[in-house]
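Notes to accompany the following structure.
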Amino acid sequence: MPYLYFTLLFGFLLGISDGYIALWKDGSSKPLQVFPYRAEYLPSADQQALEKGIHINDKLELKQLLEDYLS
């Protein structure tokens with residue numbers, strides 16, 4: 001019988017922690033990183049998306065979102 005290999009991919013959650021944009025590893029209660037950029041400086045639609053949390057499973061998507069929100 002052949003062996004089955006499973007790769008578990010854990011994504012990230014981009015959101016807000018104490019008013020700052022923050023990044024969590026899925027399933028973690030503490031942010032992996034809190035960025036020195038206040039969410040209040042973003043347009044309201046972006047703030048609302050971050051308040052709900054943006055799930056990210058792709059490193060390229062994460063990079064693009066961070067560039068958008070932190071620039």
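By order of appearance in the structure tokens: chains A, B, ..., then residues from 1 within every chain, and ligands from 1 in the order shown.
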
Within 12 Å of A:Ser28 using only C-alpha atoms, minus same-chain residues under 6 positions, as number ranges by chain: A: 10-14

Write out, as a short mmCIF file (atom, residue, chain, number, x, y, z; two decimals), in the first residue's frame, the residues just selected, with all heavy atoms.
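And here's part-v5.cif as it stands now:
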```cif
data_model
loop_
_atom_site.label_atom_id
_atom_site.label_comp_id
_atom_site.auth_asym_id
_atom_site.auth_seq_id
_atom_site.Cartn_x
_atom_site.Cartn_y
_atom_site.Cartn_z
N PHE A 10 -0.91 26.26 6.75
CA PHE A 10 -1.54 27.19 7.67
C PHE A 10 -1.39 28.59 7.09
O PHE A 10 -0.31 29.00 6.72
CB PHE A 10 -0.88 27.12 9.05
CG PHE A 10 -1.09 25.80 9.71
CD1 PHE A 10 -0.12 24.83 9.69
CD2 PHE A 10 -2.29 25.53 10.33
CE1 PHE A 10 -0.33 23.60 10.30
CE2 PHE A 10 -2.50 24.32 10.94
CZ PHE A 10 -1.52 23.34 10.92
N GLY A 11 -2.48 29.29 7.05
CA GLY A 11 -2.47 30.63 6.50
C GLY A 11 -2.26 31.68 7.57
O GLY A 11 -1.84 31.39 8.69
N PHE A 12 -2.59 32.89 7.20
CA PHE A 12 -2.42 34.03 8.07
C PHE A 12 -3.72 34.80 8.13
O PHE A 12 -4.59 34.67 7.26
CB PHE A 12 -1.31 34.94 7.55
CG PHE A 12 0.05 34.31 7.58
CD1 PHE A 12 0.54 33.64 6.48
CD2 PHE A 12 0.82 34.37 8.72
CE1 PHE A 12 1.79 33.04 6.51
CE2 PHE A 12 2.07 33.77 8.77
CZ PHE A 12 2.56 33.11 7.66
N LEU A 13 -3.83 35.64 9.14
CA LEU A 13 -4.96 36.53 9.30
C LEU A 13 -4.41 37.93 9.47
O LEU A 13 -3.56 38.16 10.34
CB LEU A 13 -5.79 36.13 10.52
CG LEU A 13 -6.97 37.04 10.82
CD1 LEU A 13 -8.09 36.79 9.82
CD2 LEU A 13 -7.47 36.83 12.23
N LEU A 14 -4.84 38.83 8.64
CA LEU A 14 -4.45 40.23 8.73
C LEU A 14 -5.61 40.97 9.38
O LEU A 14 -6.76 40.82 8.96
CB LEU A 14 -4.16 40.78 7.33
CG LEU A 14 -3.42 42.10 7.22
CD1 LEU A 14 -2.06 42.02 7.90
CD2 LEU A 14 -3.25 42.50 5.77
#
```

Expected answer as number ranges by chain: alpha helix (DSSP H) residues in chain A: A: 44-52, 59-70

Residue selection dump (N, CA and C atoms) as a compact mmCIF listing (two decimals), in the first residue's frame:
```
# COMPACT_ATOMS: atom_id res chain seq x y z
N SER A 44 -12.22 53.78 5.02
CA SER A 44 -13.15 53.04 5.89
C SER A 44 -13.41 51.61 5.39
N ALA A 45 -13.45 51.39 4.08
CA ALA A 45 -13.67 50.03 3.56
C ALA A 45 -12.53 49.10 3.97
N ASP A 46 -11.30 49.60 3.92
CA ASP A 46 -10.15 48.80 4.34
C ASP A 46 -10.20 48.54 5.84
N GLN A 47 -10.57 49.54 6.62
CA GLN A 47 -10.69 49.37 8.06
C GLN A 47 -11.71 48.29 8.41
N GLN A 48 -12.84 48.32 7.72
CA GLN A 48 -13.89 47.32 7.97
C GLN A 48 -13.41 45.92 7.63
N ALA A 49 -12.69 45.79 6.51
CA ALA A 49 -12.17 44.47 6.12
C ALA A 49 -11.19 43.95 7.17
N LEU A 50 -10.33 44.83 7.67
CA LEU A 50 -9.36 44.43 8.69
C LEU A 50 -10.04 44.10 10.01
N GLU A 51 -11.09 44.83 10.35
CA GLU A 51 -11.82 44.54 11.58
C GLU A 51 -12.44 43.14 11.54
N LYS A 52 -12.90 42.74 10.38
CA LYS A 52 -13.45 41.38 10.22
C LYS A 52 -12.34 40.35 10.16
N LYS A 59 1.56 33.58 0.08
CA LYS A 59 2.57 34.57 0.48
C LYS A 59 2.58 35.79 -0.44
N LEU A 60 2.31 35.59 -1.72
CA LEU A 60 2.28 36.71 -2.64
C LEU A 60 1.13 37.65 -2.30
N GLU A 61 -0.03 37.07 -2.00
CA GLU A 61 -1.18 37.89 -1.61
C GLU A 61 -0.87 38.65 -0.32
N LEU A 62 -0.23 38.00 0.63
CA LEU A 62 0.16 38.67 1.88
C LEU A 62 1.08 39.84 1.59
N LYS A 63 2.07 39.62 0.76
CA LYS A 63 3.02 40.68 0.41
C LYS A 63 2.30 41.87 -0.23
N GLN A 64 1.39 41.59 -1.15
CA GLN A 64 0.68 42.66 -1.84
C GLN A 64 -0.22 43.44 -0.89
N LEU A 65 -0.92 42.74 0.00
CA LEU A 65 -1.77 43.43 0.96
C LEU A 65 -0.97 44.30 1.90
N LEU A 66 0.16 43.78 2.39
CA LEU A 66 0.98 44.57 3.27
C LEU A 66 1.54 45.81 2.58
N GLU A 67 1.93 45.66 1.33
CA GLU A 67 2.41 46.82 0.57
C GLU A 67 1.30 47.85 0.42
N ASP A 68 0.09 47.40 0.15
CA ASP A 68 -1.04 48.31 0.00
C ASP A 68 -1.37 49.03 1.29
N TYR A 69 -1.44 48.29 2.38
CA TYR A 69 -1.87 48.87 3.65
C TYR A 69 -0.77 49.67 4.35
N LEU A 70 0.47 49.33 4.14
CA LEU A 70 1.55 49.96 4.88
C LEU A 70 2.30 51.04 4.11
```

Test item, strand (DSSP E) assignment across chain A, answer as a ChimeraX atom specification: /A:12-17,20-25,33-38,54-56

Within 6 Å of stretch 16-25 of chain A using only C-alpha atoms, minus same-chain residues under 3 positions, as number ranges by chain: A: 12-13, 28, 31-35, 37-39
